[in-house]
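Enquirer: File query.cif follows (mmCIF, N, CA and C atoms and all ligand atoms):
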data_data
loop_
_atom_site.label_atom_id
_atom_site.label_comp_id
_atom_site.auth_asym_id
_atom_site.auth_seq_id
_atom_site.Cartn_x
_atom_site.Cartn_y
_atom_site.Cartn_z
N MET A 860 -22.61 60.21 -96.38
CA MET A 860 -22.60 58.97 -95.58
C MET A 860 -21.39 58.96 -94.64
N ARG A 861 -20.20 59.15 -95.28
CA ARG A 861 -18.95 59.15 -94.52
C ARG A 861 -18.94 60.30 -93.49
N LYS A 862 -19.52 61.46 -93.93
CA LYS A 862 -19.54 62.64 -93.05
C LYS A 862 -20.40 62.38 -91.80
N SER A 863 -21.60 61.76 -92.04
CA SER A 863 -22.46 61.52 -90.88
C SER A 863 -21.85 60.47 -89.95
N PHE A 864 -21.08 59.55 -90.51
CA PHE A 864 -20.39 58.56 -89.66
C PHE A 864 -19.41 59.27 -88.71
N VAL A 865 -18.68 60.23 -89.31
CA VAL A 865 -17.70 60.98 -88.50
C VAL A 865 -18.42 61.77 -87.40
N VAL A 866 -19.57 62.38 -87.77
CA VAL A 866 -20.32 63.17 -86.77
C VAL A 866 -20.78 62.26 -85.63
N ILE A 867 -21.34 61.09 -85.97
CA ILE A 867 -21.83 60.15 -84.94
C ILE A 867 -20.67 59.70 -84.05
N LEU A 868 -19.54 59.40 -84.68
CA LEU A 868 -18.35 58.98 -83.92
C LEU A 868 -17.93 60.08 -82.94
N GLY A 869 -17.96 61.33 -83.44
CA GLY A 869 -17.62 62.48 -82.60
C GLY A 869 -18.55 62.58 -81.40
N LEU A 870 -19.86 62.43 -81.65
CA LEU A 870 -20.85 62.53 -80.57
C LEU A 870 -20.63 61.44 -79.52
N LEU A 871 -20.35 60.22 -80.03
CA LEU A 871 -20.10 59.10 -79.10
C LEU A 871 -18.89 59.40 -78.22
N LEU A 872 -17.87 59.98 -78.86
CA LEU A 872 -16.64 60.29 -78.13
C LEU A 872 -16.92 61.30 -77.02
N VAL A 873 -17.69 62.37 -77.36
CA VAL A 873 -18.04 63.40 -76.37
C VAL A 873 -18.81 62.76 -75.22
N PHE A 874 -19.77 61.88 -75.55
CA PHE A 874 -20.59 61.21 -74.54
C PHE A 874 -19.70 60.38 -73.60
N PHE A 875 -18.78 59.60 -74.22
CA PHE A 875 -17.91 58.71 -73.46
C PHE A 875 -17.01 59.50 -72.49
N VAL A 876 -16.39 60.58 -73.03
CA VAL A 876 -15.50 61.40 -72.19
C VAL A 876 -16.29 62.02 -71.04
N GLY A 877 -17.51 62.49 -71.35
CA GLY A 877 -18.38 63.08 -70.32
C GLY A 877 -18.63 62.10 -69.20
N CYS A 878 -18.96 60.85 -69.54
CA CYS A 878 -19.26 59.84 -68.52
C CYS A 878 -18.06 59.54 -67.64
N THR A 879 -16.89 59.33 -68.27
CA THR A 879 -15.73 58.94 -67.46
C THR A 879 -15.28 60.09 -66.56
N THR A 880 -15.38 61.34 -67.06
CA THR A 880 -14.97 62.48 -66.23
C THR A 880 -15.86 62.56 -65.00
N LYS A 881 -17.19 62.37 -65.21
CA LYS A 881 -18.12 62.46 -64.09
C LYS A 881 -17.81 61.38 -63.06
N GLN A 882 -17.55 60.14 -63.58
CA GLN A 882 -17.25 59.05 -62.67
C GLN A 882 -16.03 59.37 -61.83
N ALA A 883 -14.98 59.93 -62.51
CA ALA A 883 -13.75 60.23 -61.79
C ALA A 883 -14.02 61.23 -60.68
N SER A 884 -14.82 62.28 -60.96
CA SER A 884 -15.02 63.28 -59.92
C SER A 884 -15.88 62.72 -58.79
N GLN A 885 -16.83 61.82 -59.12
CA GLN A 885 -17.63 61.23 -58.05
C GLN A 885 -16.75 60.39 -57.13
N THR A 886 -15.82 59.63 -57.72
CA THR A 886 -14.94 58.80 -56.91
C THR A 886 -14.11 59.68 -55.98
N ALA A 887 -13.61 60.80 -56.53
CA ALA A 887 -12.78 61.68 -55.71
C ALA A 887 -13.57 62.21 -54.52
N GLU A 888 -14.86 62.58 -54.78
CA GLU A 888 -15.67 63.10 -53.66
C GLU A 888 -15.83 62.06 -52.57
N THR A 889 -16.16 60.82 -53.00
CA THR A 889 -16.37 59.76 -52.02
C THR A 889 -15.11 59.55 -51.18
N THR A 890 -13.97 59.52 -51.90
CA THR A 890 -12.71 59.28 -51.20
C THR A 890 -12.47 60.36 -50.15
N SER A 891 -12.72 61.63 -50.55
CA SER A 891 -12.39 62.67 -49.59
C SER A 891 -13.36 62.64 -48.41
N VAL A 892 -14.62 62.24 -48.64
CA VAL A 892 -15.55 62.13 -47.52
C VAL A 892 -15.06 61.04 -46.57
N ASN A 893 -14.69 59.85 -47.16
CA ASN A 893 -14.23 58.77 -46.29
C ASN A 893 -12.98 59.12 -45.52
N SER A 894 -12.02 59.79 -46.19
CA SER A 894 -10.77 60.06 -45.49
C SER A 894 -10.96 61.12 -44.42
N ASN A 895 -12.12 61.82 -44.45
CA ASN A 895 -12.35 62.81 -43.40
C ASN A 895 -13.06 62.23 -42.19
N GLU A 896 -13.46 60.97 -42.26
CA GLU A 896 -14.13 60.35 -41.12
C GLU A 896 -13.21 60.41 -39.92
N ASN A 897 -13.78 60.65 -38.76
CA ASN A 897 -13.00 60.61 -37.54
C ASN A 897 -12.03 61.79 -37.38
N VAL A 898 -12.02 62.70 -38.31
CA VAL A 898 -11.11 63.83 -38.18
C VAL A 898 -11.87 64.99 -37.55
N THR A 899 -11.34 65.52 -36.47
CA THR A 899 -12.01 66.62 -35.79
C THR A 899 -11.43 67.94 -36.28
N ILE A 900 -12.29 68.93 -36.50
CA ILE A 900 -11.79 70.26 -36.88
C ILE A 900 -10.93 70.76 -35.72
N SER A 901 -9.73 71.26 -36.03
CA SER A 901 -8.81 71.49 -34.93
C SER A 901 -8.14 72.86 -34.98
N ASN A 902 -8.90 73.91 -35.25
CA ASN A 902 -8.27 75.22 -35.31
C ASN A 902 -8.61 76.11 -34.13
N SER A 903 -9.05 75.49 -32.97
CA SER A 903 -9.40 76.30 -31.81
C SER A 903 -8.23 76.37 -30.84
N THR A 904 -8.31 77.32 -29.91
CA THR A 904 -7.30 77.41 -28.86
C THR A 904 -7.97 77.35 -27.50
N TYR A 905 -7.27 76.75 -26.52
CA TYR A 905 -7.84 76.58 -25.18
C TYR A 905 -6.74 76.87 -24.16
N THR A 906 -7.17 77.38 -22.98
CA THR A 906 -6.21 77.57 -21.89
C THR A 906 -6.24 76.34 -20.99
N MET A 907 -5.22 76.25 -20.11
CA MET A 907 -5.15 75.09 -19.21
C MET A 907 -6.35 75.07 -18.27
N SER A 908 -6.87 76.25 -17.87
CA SER A 908 -8.03 76.19 -16.97
C SER A 908 -9.29 75.71 -17.69
N GLU A 909 -9.39 75.97 -19.00
CA GLU A 909 -10.52 75.39 -19.74
C GLU A 909 -10.39 73.88 -19.79
N VAL A 910 -9.17 73.41 -20.08
CA VAL A 910 -8.94 71.97 -20.13
C VAL A 910 -9.29 71.35 -18.77
N ALA A 911 -8.88 72.03 -17.70
CA ALA A 911 -9.09 71.49 -16.35
C ALA A 911 -10.56 71.30 -16.01
N SER A 912 -11.43 72.07 -16.68
CA SER A 912 -12.87 71.93 -16.37
C SER A 912 -13.49 70.73 -17.10
N HIS A 913 -12.75 70.11 -17.98
CA HIS A 913 -13.26 68.91 -18.67
C HIS A 913 -12.58 67.69 -18.07
N ASN A 914 -12.96 67.40 -16.84
CA ASN A 914 -12.22 66.39 -16.08
C ASN A 914 -13.09 65.26 -15.56
N THR A 915 -14.10 64.89 -16.35
CA THR A 915 -14.98 63.80 -15.92
C THR A 915 -15.00 62.68 -16.98
N LEU A 916 -15.60 61.55 -16.59
CA LEU A 916 -15.70 60.41 -17.52
C LEU A 916 -16.52 60.75 -18.75
N SER A 917 -17.49 61.66 -18.58
CA SER A 917 -18.36 61.99 -19.71
C SER A 917 -17.90 63.24 -20.44
N ASP A 918 -16.77 63.79 -20.03
CA ASP A 918 -16.25 65.01 -20.66
C ASP A 918 -14.77 65.12 -20.31
N CYS A 919 -13.95 64.44 -21.09
CA CYS A 919 -12.55 64.24 -20.73
C CYS A 919 -11.60 64.82 -21.76
N TRP A 920 -10.98 65.96 -21.39
CA TRP A 920 -9.98 66.57 -22.27
C TRP A 920 -8.60 66.40 -21.66
N THR A 921 -7.60 66.34 -22.51
CA THR A 921 -6.23 66.34 -21.99
C THR A 921 -5.34 67.14 -22.93
N VAL A 922 -4.11 67.35 -22.48
CA VAL A 922 -3.11 68.05 -23.30
C VAL A 922 -1.95 67.11 -23.52
N VAL A 923 -1.47 67.05 -24.76
CA VAL A 923 -0.22 66.33 -25.03
C VAL A 923 0.64 67.21 -25.93
N ARG A 924 1.83 67.50 -25.45
CA ARG A 924 2.80 68.33 -26.21
C ARG A 924 2.16 69.61 -26.75
N GLY A 925 1.38 70.29 -25.89
CA GLY A 925 0.84 71.60 -26.27
C GLY A 925 -0.41 71.55 -27.15
N GLN A 926 -0.95 70.36 -27.37
CA GLN A 926 -2.18 70.28 -28.15
C GLN A 926 -3.28 69.67 -27.28
N VAL A 927 -4.52 70.08 -27.57
CA VAL A 927 -5.64 69.68 -26.72
C VAL A 927 -6.46 68.58 -27.40
N TYR A 928 -6.79 67.55 -26.62
CA TYR A 928 -7.53 66.39 -27.15
C TYR A 928 -8.77 66.13 -26.31
N ASN A 929 -9.87 65.80 -26.99
CA ASN A 929 -11.08 65.35 -26.30
C ASN A 929 -11.11 63.82 -26.37
N LEU A 930 -10.75 63.19 -25.24
CA LEU A 930 -10.59 61.73 -25.22
C LEU A 930 -11.85 61.00 -24.75
N THR A 931 -12.96 61.75 -24.57
CA THR A 931 -14.17 61.14 -24.00
C THR A 931 -14.55 59.84 -24.71
N ASP A 932 -14.59 59.88 -26.02
CA ASP A 932 -15.02 58.69 -26.77
C ASP A 932 -13.98 57.58 -26.80
N TRP A 933 -12.75 57.91 -26.40
CA TRP A 933 -11.68 56.91 -26.43
C TRP A 933 -11.59 56.11 -25.12
N ILE A 934 -12.22 56.64 -24.06
CA ILE A 934 -12.10 55.99 -22.74
C ILE A 934 -12.48 54.51 -22.81
N GLY A 935 -13.65 54.23 -23.38
CA GLY A 935 -14.14 52.85 -23.43
C GLY A 935 -13.51 52.00 -24.52
N LYS A 936 -12.66 52.60 -25.34
CA LYS A 936 -12.06 51.86 -26.46
C LYS A 936 -10.58 51.54 -26.24
N HIS A 937 -9.97 52.16 -25.25
CA HIS A 937 -8.52 52.04 -25.08
C HIS A 937 -8.11 50.60 -24.75
N PRO A 938 -7.24 49.99 -25.56
CA PRO A 938 -6.83 48.60 -25.30
C PRO A 938 -6.10 48.44 -23.96
N GLY A 939 -5.52 49.49 -23.46
CA GLY A 939 -4.79 49.42 -22.19
C GLY A 939 -5.66 49.73 -20.99
N GLY A 940 -6.98 49.77 -21.17
CA GLY A 940 -7.91 49.99 -20.05
C GLY A 940 -8.33 51.45 -19.90
N GLU A 941 -9.49 51.62 -19.24
CA GLU A 941 -10.08 52.95 -19.08
C GLU A 941 -9.24 53.84 -18.16
N LYS A 942 -8.69 53.23 -17.10
CA LYS A 942 -7.98 54.00 -16.08
C LYS A 942 -6.83 54.82 -16.68
N ALA A 943 -6.13 54.21 -17.65
CA ALA A 943 -4.99 54.89 -18.26
C ALA A 943 -5.43 56.21 -18.92
N ILE A 944 -6.67 56.25 -19.40
CA ILE A 944 -7.16 57.47 -20.04
C ILE A 944 -7.81 58.39 -19.01
N THR A 945 -8.63 57.83 -18.12
CA THR A 945 -9.35 58.71 -17.18
C THR A 945 -8.39 59.48 -16.26
N GLN A 946 -7.22 58.91 -16.01
CA GLN A 946 -6.24 59.64 -15.16
C GLN A 946 -5.71 60.90 -15.86
N LEU A 947 -5.97 61.01 -17.17
CA LEU A 947 -5.47 62.18 -17.91
C LEU A 947 -6.50 63.30 -18.01
N CYS A 948 -7.77 63.01 -17.64
CA CYS A 948 -8.84 63.98 -17.86
C CYS A 948 -8.58 65.27 -17.08
N GLY A 949 -8.54 66.38 -17.78
CA GLY A 949 -8.40 67.70 -17.14
C GLY A 949 -6.97 68.10 -16.81
N ILE A 950 -6.01 67.25 -17.13
CA ILE A 950 -4.61 67.61 -16.82
C ILE A 950 -3.74 67.56 -18.09
N ASP A 951 -2.49 67.96 -17.92
CA ASP A 951 -1.53 67.81 -19.02
C ASP A 951 -1.01 66.36 -18.98
N GLY A 952 -1.41 65.57 -19.97
CA GLY A 952 -1.07 64.15 -19.97
C GLY A 952 0.18 63.81 -20.75
N THR A 953 0.96 64.84 -21.08
CA THR A 953 2.14 64.62 -21.93
C THR A 953 3.06 63.51 -21.40
N ASP A 954 3.46 63.63 -20.12
CA ASP A 954 4.45 62.68 -19.60
C ASP A 954 3.93 61.24 -19.65
N LYS A 955 2.66 61.08 -19.27
CA LYS A 955 2.10 59.72 -19.23
C LYS A 955 1.95 59.15 -20.64
N PHE A 956 1.43 59.97 -21.57
CA PHE A 956 1.26 59.46 -22.94
C PHE A 956 2.61 59.17 -23.58
N VAL A 957 3.52 60.16 -23.51
CA VAL A 957 4.82 59.99 -24.17
C VAL A 957 5.61 58.86 -23.52
N GLY A 958 5.51 58.77 -22.18
CA GLY A 958 6.23 57.71 -21.46
C GLY A 958 5.81 56.33 -21.93
N LYS A 959 4.52 56.17 -22.24
CA LYS A 959 4.03 54.84 -22.65
C LYS A 959 4.08 54.64 -24.16
N HIS A 960 3.63 55.67 -24.91
CA HIS A 960 3.39 55.46 -26.34
C HIS A 960 4.17 56.39 -27.28
N GLY A 961 4.94 57.33 -26.74
CA GLY A 961 5.56 58.35 -27.58
C GLY A 961 6.28 57.77 -28.80
N GLY A 962 5.98 58.29 -29.99
CA GLY A 962 6.67 57.88 -31.21
C GLY A 962 6.14 56.61 -31.85
N LYS A 963 5.18 55.93 -31.18
CA LYS A 963 4.64 54.69 -31.78
C LYS A 963 3.46 55.03 -32.68
N ASP A 964 3.48 54.49 -33.89
CA ASP A 964 2.52 54.90 -34.92
C ASP A 964 1.06 54.80 -34.50
N LEU A 965 0.63 53.64 -34.03
CA LEU A 965 -0.81 53.45 -33.78
C LEU A 965 -1.32 54.38 -32.68
N PRO A 966 -0.69 54.42 -31.51
CA PRO A 966 -1.17 55.36 -30.49
C PRO A 966 -1.08 56.83 -30.94
N GLU A 967 0.00 57.19 -31.61
CA GLU A 967 0.16 58.59 -32.07
C GLU A 967 -0.96 58.95 -33.06
N ASN A 968 -1.25 58.04 -33.99
CA ASN A 968 -2.29 58.33 -34.98
C ASN A 968 -3.67 58.35 -34.35
N THR A 969 -3.88 57.46 -33.38
CA THR A 969 -5.18 57.44 -32.68
C THR A 969 -5.37 58.76 -31.94
N LEU A 970 -4.32 59.17 -31.21
CA LEU A 970 -4.39 60.44 -30.47
C LEU A 970 -4.71 61.60 -31.41
N ALA A 971 -4.04 61.64 -32.56
CA ALA A 971 -4.24 62.74 -33.52
C ALA A 971 -5.70 62.87 -33.92
N GLY A 972 -6.42 61.76 -33.98
CA GLY A 972 -7.83 61.77 -34.37
C GLY A 972 -8.73 62.45 -33.35
N TYR A 973 -8.23 62.68 -32.13
CA TYR A 973 -9.06 63.31 -31.09
C TYR A 973 -8.68 64.76 -30.83
N LYS A 974 -7.81 65.31 -31.65
CA LYS A 974 -7.37 66.69 -31.42
C LYS A 974 -8.51 67.69 -31.63
N ILE A 975 -8.64 68.63 -30.68
CA ILE A 975 -9.65 69.68 -30.85
C ILE A 975 -9.03 71.07 -30.93
N GLY A 976 -7.75 71.21 -30.63
CA GLY A 976 -7.14 72.53 -30.74
C GLY A 976 -5.77 72.60 -30.10
N ASP A 977 -5.30 73.85 -29.92
CA ASP A 977 -3.97 74.08 -29.35
C ASP A 977 -4.10 74.73 -27.98
N LEU A 978 -3.14 74.42 -27.12
CA LEU A 978 -3.09 75.04 -25.80
C LEU A 978 -2.46 76.42 -25.92
N VAL A 979 -3.07 77.43 -25.26
CA VAL A 979 -2.46 78.76 -25.23
C VAL A 979 -2.34 79.21 -23.78
N ALA A 980 -1.48 80.20 -23.55
CA ALA A 980 -1.29 80.72 -22.19
C ALA A 980 -2.58 81.37 -21.69
N GLU A 981 -2.78 81.40 -20.37
CA GLU A 981 -4.00 81.98 -19.76
C GLU A 981 -4.10 83.45 -20.13
C1 LIG A 1001 -3.66 59.59 -24.19
C2 LIG A 1001 -4.03 58.90 -25.17
C3 LIG A 1001 -3.74 57.45 -25.45
C4 LIG A 1001 -3.99 56.88 -26.62
C5 LIG A 1001 -4.57 57.56 -27.87
C6 LIG A 1001 -3.59 55.49 -26.52
C7 LIG A 1001 -3.68 54.58 -27.55
C8 LIG A 1001 -3.39 53.24 -27.45
C9 LIG A 1001 -3.44 52.31 -28.54
C10 LIG A 1001 -3.81 52.65 -29.99
C11 LIG A 1001 -3.10 51.11 -28.05
C12 LIG A 1001 -2.98 49.81 -28.83
C13 LIG A 1001 -1.53 49.66 -29.26
C14 LIG A 1001 -1.26 48.44 -30.11
O1 LIG A 1001 -2.13 47.59 -30.26
O2 LIG A 1001 -0.14 48.39 -30.65
C15 LIG A 1001 -2.84 51.27 -26.65
C16 LIG A 1001 -2.47 50.24 -25.79
C17 LIG A 1001 -2.09 50.41 -24.49
N1 LIG A 1001 -1.99 51.62 -23.82
FE1 LIG A 1001 -2.57 53.41 -24.55
N2 LIG A 1001 -3.11 55.23 -25.26
C18 LIG A 1001 -3.16 56.41 -24.57
C19 LIG A 1001 -2.70 56.59 -23.28
C20 LIG A 1001 -2.16 55.63 -22.48
C21 LIG A 1001 -1.58 55.85 -21.18
C22 LIG A 1001 -1.45 57.21 -20.51
C23 LIG A 1001 -1.15 54.64 -20.72
C24 LIG A 1001 -0.46 54.29 -19.43
C25 LIG A 1001 0.16 55.13 -18.68
C26 LIG A 1001 -1.49 53.65 -21.71
C27 LIG A 1001 -1.29 52.31 -21.60
C28 LIG A 1001 -1.54 51.37 -22.55
C29 LIG A 1001 -1.33 49.94 -22.38
C30 LIG A 1001 -0.85 49.24 -21.12
C31 LIG A 1001 -1.70 49.34 -23.58
C32 LIG A 1001 -1.75 47.82 -23.86
C33 LIG A 1001 -0.76 47.29 -24.80
C34 LIG A 1001 0.57 47.99 -24.89
O3 LIG A 1001 1.33 47.95 -23.93
O4 LIG A 1001 0.80 48.66 -25.91
N3 LIG A 1001 -2.07 54.30 -22.77
N4 LIG A 1001 -3.00 52.58 -26.30
#
Kindly return the structure encoded in the file as structure tokens.
Expert:
Amino acid sequence: MRKSFVVILGLLLVFFVGCTTKQASQTAETTSVNSNENVTISNSTYTMSEVASHNTLSDCWTVVRGQVYNLTDWIGKHPGGEKAITQLCGIDGTDKFVGKHGGKDLPENTLAGYKIGDLVAE
């Protein structure tokens, strides 16, 4: 009697641990999926002439501090107006971005979300 009680208790324990472990790993997966939203894969390299060819409202790349950003989707969202972004399409926008927003958390973090790669020499 006592032995079967111990066996049942053991089985319940195994079941309980199994459930909580699964839940924990599911939560971790969800978290990592959510934290990857809006993050662009950024291991490519581009030359300045490639950047220069993306100089339209529907295809707008810029460079800031040696890194390349695709700002196309940001044009219509920028709180400071579209013009501030469209003037950067196809050029090195470092001076304009840093002059206005350099070192400020929100603009810096927003910019980071649009990174597509690094600038390399021609
Ligand atoms: C290149 C990428 C840029 C990104 C990612 C960016 C991002 C942002 C963000 C996140 C805000 C809101 C800031 C807040 O609410 O605290 C903002 C506001 C603003 N931005 Fe930009 N910005 C960019 C370029 C520029 C440039 C080049 C200019 C002008 C030369 C500019 C002018 C403004 C202005 C006037 C505002 C309105 C409020 C303020 O003065 O902060 N932005 N920008």
Enquirer: Restricting the calculation to only C-alpha atoms: of A:Lys963, A:Asn929, A:Asp918, A:Gly939, which residue gets closest to Ile975 in chain A?
Expert: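 Of A:Lys963, A:Asn929, A:Asp918, A:Gly939, the one nearest Ile975 in chain A is A:Asn929, counting only C-alpha atoms.
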Enquirer: For range 904-916 of chain A, list every protein, DNA or RNA residue within 7 Å, evaluated using all atoms listed in the file, and leave out those in the same chain fewer than 6 positions away; present the list as a ChimeraX atom specification.
Expert: /A:931,945,947-950,975-981
Enquirer: Would you please work out which residue, of A:Gly961, A:Leu970, A:Cys919, A:Asp954, is nearest to ligand LIG 1001 (chain A) when using only N, CA and C atoms and all ligand atoms?
Expert: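 Residue with the minimum atom-to-atom distance to ligand LIG 1001 (chain A): A:Leu970.
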Enquirer: Give as number ranges by chain the set of residues within 8 Å of the point (1.2, 68.7, -19.2), where distances use the file's coordinates and only C-alpha atoms.
Expert: A: 922-925, 950-954
Enquirer: Which is closest to ligand LIG 1001 (chain A) among A:Pro966, A:Gly972, A:Gly935, A:Glu941, if we use all atoms listed in the file?
Expert: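 Result for the nearest residue to ligand LIG 1001 (chain A): A:Pro966.
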Enquirer: Ligand LIG 1001 (chain A): which residues are within 7 Å, counting all atoms listed in the file? Reply as a ChimeraX atom specification.
Expert: /A:937-940,942-944,947,952,954-960,964-971
Enquirer: Selection from above, N, CA and C atoms, as a PDB file, in the coordinates of the input, can you write it?
Expert:
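In the end it all went to again_4.pdb:
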ATOM      1  N   HIS A 937      -9.970  52.160 -25.250  1.00  0.00           N
ATOM      2  CA  HIS A 937      -8.520  52.040 -25.080  1.00  0.00           C
ATOM      3  C   HIS A 937      -8.110  50.600 -24.750  1.00  0.00           C
ATOM      4  N   PRO A 938      -7.240  49.990 -25.560  1.00  0.00           N
ATOM      5  CA  PRO A 938      -6.830  48.600 -25.300  1.00  0.00           C
ATOM      6  C   PRO A 938      -6.100  48.440 -23.960  1.00  0.00           C
ATOM      7  N   GLY A 939      -5.520  49.490 -23.460  1.00  0.00           N
ATOM      8  CA  GLY A 939      -4.790  49.420 -22.190  1.00  0.00           C
ATOM      9  C   GLY A 939      -5.660  49.730 -20.990  1.00  0.00           C
ATOM     10  N   GLY A 940      -6.980  49.770 -21.170  1.00  0.00           N
ATOM     11  CA  GLY A 940      -7.910  49.990 -20.050  1.00  0.00           C
ATOM     12  C   GLY A 940      -8.330  51.450 -19.900  1.00  0.00           C
ATOM     13  N   LYS A 942      -8.690  53.230 -17.100  1.00  0.00           N
ATOM     14  CA  LYS A 942      -7.980  54.000 -16.080  1.00  0.00           C
ATOM     15  C   LYS A 942      -6.830  54.820 -16.680  1.00  0.00           C
ATOM     16  N   ALA A 943      -6.130  54.210 -17.650  1.00  0.00           N
ATOM     17  CA  ALA A 943      -4.990  54.890 -18.260  1.00  0.00           C
ATOM     18  C   ALA A 943      -5.430  56.210 -18.920  1.00  0.00           C
ATOM     19  N   ILE A 944      -6.670  56.250 -19.400  1.00  0.00           N
ATOM     20  CA  ILE A 944      -7.160  57.470 -20.040  1.00  0.00           C
ATOM     21  C   ILE A 944      -7.810  58.390 -19.010  1.00  0.00           C
ATOM     22  N   LEU A 947      -5.970  61.010 -17.170  1.00  0.00           N
ATOM     23  CA  LEU A 947      -5.470  62.180 -17.910  1.00  0.00           C
ATOM     24  C   LEU A 947      -6.500  63.300 -18.010  1.00  0.00           C
ATOM     25  N   GLY A 952      -1.410  65.570 -19.970  1.00  0.00           N
ATOM     26  CA  GLY A 952      -1.070  64.150 -19.970  1.00  0.00           C
ATOM     27  C   GLY A 952       0.180  63.810 -20.750  1.00  0.00           C
ATOM     28  N   ASP A 954       3.460  63.630 -20.120  1.00  0.00           N
ATOM     29  CA  ASP A 954       4.450  62.680 -19.600  1.00  0.00           C
ATOM     30  C   ASP A 954       3.930  61.240 -19.650  1.00  0.00           C
ATOM     31  N   LYS A 955       2.660  61.080 -19.270  1.00  0.00           N
ATOM     32  CA  LYS A 955       2.100  59.720 -19.230  1.00  0.00           C
ATOM     33  C   LYS A 955       1.950  59.150 -20.640  1.00  0.00           C
ATOM     34  N   PHE A 956       1.430  59.970 -21.570  1.00  0.00           N
ATOM     35  CA  PHE A 956       1.260  59.460 -22.940  1.00  0.00           C
ATOM     36  C   PHE A 956       2.610  59.170 -23.580  1.00  0.00           C
ATOM     37  N   VAL A 957       3.520  60.160 -23.510  1.00  0.00           N
ATOM     38  CA  VAL A 957       4.820  59.990 -24.170  1.00  0.00           C
ATOM     39  C   VAL A 957       5.610  58.860 -23.520  1.00  0.00           C
ATOM     40  N   GLY A 958       5.510  58.770 -22.180  1.00  0.00           N
ATOM     41  CA  GLY A 958       6.230  57.710 -21.460  1.00  0.00           C
ATOM     42  C   GLY A 958       5.810  56.330 -21.930  1.00  0.00           C
ATOM     43  N   LYS A 959       4.520  56.170 -22.240  1.00  0.00           N
ATOM     44  CA  LYS A 959       4.030  54.840 -22.650  1.00  0.00           C
ATOM     45  C   LYS A 959       4.080  54.640 -24.160  1.00  0.00           C
ATOM     46  N   HIS A 960       3.630  55.670 -24.910  1.00  0.00           N
ATOM     47  CA  HIS A 960       3.390  55.460 -26.340  1.00  0.00           C
ATOM     48  C   HIS A 960       4.170  56.390 -27.280  1.00  0.00           C
ATOM     49  N   ASP A 964       3.480  54.490 -33.890  1.00  0.00           N
ATOM     50  CA  ASP A 964       2.520  54.900 -34.920  1.00  0.00           C
ATOM     51  C   ASP A 964       1.060  54.800 -34.500  1.00  0.00           C
ATOM     52  N   LEU A 965       0.630  53.640 -34.030  1.00  0.00           N
ATOM     53  CA  LEU A 965      -0.810  53.450 -33.780  1.00  0.00           C
ATOM     54  C   LEU A 965      -1.320  54.380 -32.680  1.00  0.00           C
ATOM     55  N   PRO A 966      -0.690  54.420 -31.510  1.00  0.00           N
ATOM     56  CA  PRO A 966      -1.170  55.360 -30.490  1.00  0.00           C
ATOM     57  C   PRO A 966      -1.080  56.830 -30.940  1.00  0.00           C
ATOM     58  N   GLU A 967       0.000  57.190 -31.610  1.00  0.00           N
ATOM     59  CA  GLU A 967       0.160  58.590 -32.070  1.00  0.00           C
ATOM     60  C   GLU A 967      -0.960  58.950 -33.060  1.00  0.00           C
ATOM     61  N   ASN A 968      -1.250  58.040 -33.990  1.00  0.00           N
ATOM     62  CA  ASN A 968      -2.290  58.330 -34.980  1.00  0.00           C
ATOM     63  C   ASN A 968      -3.670  58.350 -34.350  1.00  0.00           C
ATOM     64  N   THR A 969      -3.880  57.460 -33.380  1.00  0.00           N
ATOM     65  CA  THR A 969      -5.180  57.440 -32.680  1.00  0.00           C
ATOM     66  C   THR A 969      -5.370  58.760 -31.940  1.00  0.00           C
ATOM     67  N   LEU A 970      -4.320  59.170 -31.210  1.00  0.00           N
ATOM     68  CA  LEU A 970      -4.390  60.440 -30.470  1.00  0.00           C
ATOM     69  C   LEU A 970      -4.710  61.600 -31.410  1.00  0.00           C
ATOM     70  N   ALA A 971      -4.040  61.640 -32.560  1.00  0.00           N
ATOM     71  CA  ALA A 971      -4.240  62.740 -33.520  1.00  0.00           C
ATOM     72  C   ALA A 971      -5.700  62.870 -33.920  1.00  0.00           C
TER      73      ALA A 971
END
Enquirer: If you run DSSP over the backbone, which residues in range 891-961 of chain A end up strand (DSSP E or B)? Put them as a ChimeraX atom specification.
Expert: /A:903-905,914-915,918-923,926-929,951
Enquirer: Work out how far atom N of Ser917 in chain A is from atom N of Gly962 in chain A, in Å to one decimal.
Expert: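 Going from atom N of Gly962 in chain A over to atom N of Ser917 in chain A covers 26.3 Å.
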Enquirer: To one decimal place, how far is atom C of Thr921 in chain A from atom C of Ser903 in chain A in Å?
Expert: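 Rounded to one decimal, the two atoms are 12.5 Å apart.
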Enquirer: Provide an axis-aligned box for all listed atoms of range 958-974 of chain A, padding each side by 4 Å; report its centre and its edge lengths in Å to one decimal, as JSON.
Expert:
{"center_x": -1.2, "center_y": 60.6, "center_z": -28.2, "size_x": 23.7, "size_y": 22.2, "size_z": 21.5}
